[in-house]
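Only one structure is covered here, and it is reproduced in the block below.
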Amino acid sequence: MNDPKSSRMDEAGRKEIYKTCQVTFDLTRNELLKEDLGIAATGYPPNLSTDGPMTLTLHGSHGTLTAHSDHIRFFTVPEEAGVSEISYFLTADTPEEFFTIIRDGAEAYGFDKTSAEREIKYMKNDPDRGFKVALQPGYKLGFEVIYDLRYRGPGHVNTVIVLVTPTASEFQPLPGL
């Protein structure tokens, strides 16, 4: 049985995830340890993929992210005790739905609203041109959230690749810069 604070990724935990379409992780300590997921220290959490949307809930020290996606990926290496990144996808059938996802993310996760609106303006002004751009990270919930935008324009499915870094709770400049 999955803990209400963090889903397990062992066989029993995955069966429950697929049955309930609910995935929850506690990131309040700015970590997501493999052992908390029921994964061996040198193992990899399996990607989760369903035919319909799963509800992903990530509890941070300053708030909660709730999203609906049919695919969730985890990034780690055998030498790390934890998961370094979680990613999932948000899709929109129309440009206006896509722009709403961007604006809602800016509000919920703390992205720079001026930058988000600038990117939306570029997409509106040149709707048939494809855009691939990542917004600056947001840290409002106590962990890092990045929106990587993949805009193909009207008549296409437009995608936001969402990247969550549990260990980053504020901007960290690269060493040496």
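Chain labels run A, B, ... following the order of the structure tokens; each chain numbers its residues from 1, and ligands are numbered from 1 in the order shown.
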Taking only C-alpha atoms into account, produce a table as CSV in which each residue of segment 5-29 of chain A with an atom at most 12 Å from an atom of segment 86-109 of chain A appears once, together with its shortest atom pair and the distance in Å to one decimal, ordered by chain and rising number.
residue,atom,partner,partner_atom,distance
A:Val23,CA,A:Tyr88,CA,11.9
A:Thr24,CA,A:Ile86,CA,11.9
A:Phe25,CA,A:Ile86,CA,10.4
A:Leu27,CA,A:Ile86,CA,11.2
Open item on the list: Report as a PyMOL selection string all protein, DNA and RNA residues lying within 6 Å of Asp70 of chain A, evaluated on only C-alpha atoms, omitting residues in the same chain fewer than 2 positions from it.
Closed with: chain A and resi 49-50+52-54
Deliver the residues from the most recent selection as a file, using N, CA, C and O atoms, as an mmCIF file, in the first residue's frame.
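Below you can see part_7.cif, which holds the result:
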data_model
loop_
_atom_site.group_PDB
_atom_site.id
_atom_site.type_symbol
_atom_site.label_atom_id
_atom_site.label_comp_id
_atom_site.auth_asym_id
_atom_site.auth_seq_id
_atom_site.Cartn_x
_atom_site.Cartn_y
_atom_site.Cartn_z
ATOM 1 N N SER A 49 3.614 5.231 -17.197
ATOM 2 C CA SER A 49 2.890 5.603 -18.411
ATOM 3 C C SER A 49 1.516 4.946 -18.384
ATOM 4 O O SER A 49 1.413 3.743 -18.108
ATOM 5 N N THR A 50 0.472 5.735 -18.639
ATOM 6 C CA THR A 50 -0.902 5.230 -18.631
ATOM 7 C C THR A 50 -1.634 5.723 -19.875
ATOM 8 O O THR A 50 -1.204 6.667 -20.530
ATOM 9 N N GLY A 52 -4.670 7.009 -19.773
ATOM 10 C CA GLY A 52 -5.365 8.230 -19.369
ATOM 11 C C GLY A 52 -4.492 8.977 -18.390
ATOM 12 O O GLY A 52 -3.437 8.498 -17.988
ATOM 13 N N PRO A 53 -4.921 10.144 -17.967
ATOM 14 C CA PRO A 53 -4.065 10.937 -17.080
ATOM 15 C C PRO A 53 -3.977 10.388 -15.664
ATOM 16 O O PRO A 53 -4.943 9.881 -15.126
ATOM 17 N N MET A 54 -2.778 10.498 -15.116
ATOM 18 C CA MET A 54 -2.532 10.248 -13.700
ATOM 19 C C MET A 54 -2.539 11.609 -13.017
ATOM 20 O O MET A 54 -2.188 12.615 -13.631
#
Open item on the list: Here is a test: counting only C-alpha atoms, which residue of A:His156, A:His62, A:Arg14, A:Arg118 is nearest to Glu144 of chain A?
Closed with: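 Of A:His156, A:His62, A:Arg14, A:Arg118, the one nearest Glu144 of chain A is A:His62, counting only C-alpha atoms.
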Task: Option closest in space to Ser6 of chain A, from A:Thr64, A:Leu32, A:Thr55, A:Val133 [counting only C-alpha atoms] - done: A:Leu32
- [ ] List every residue of segment 4-175 of chain A that DSSP, applied to the backbone, labels as strand (DSSP E or B), and write the result as a PyMOL selection string.
- [x] chain A and resi 22-26+33+48-60+63-75+82+85-92+131-134+138+144-151+158-165
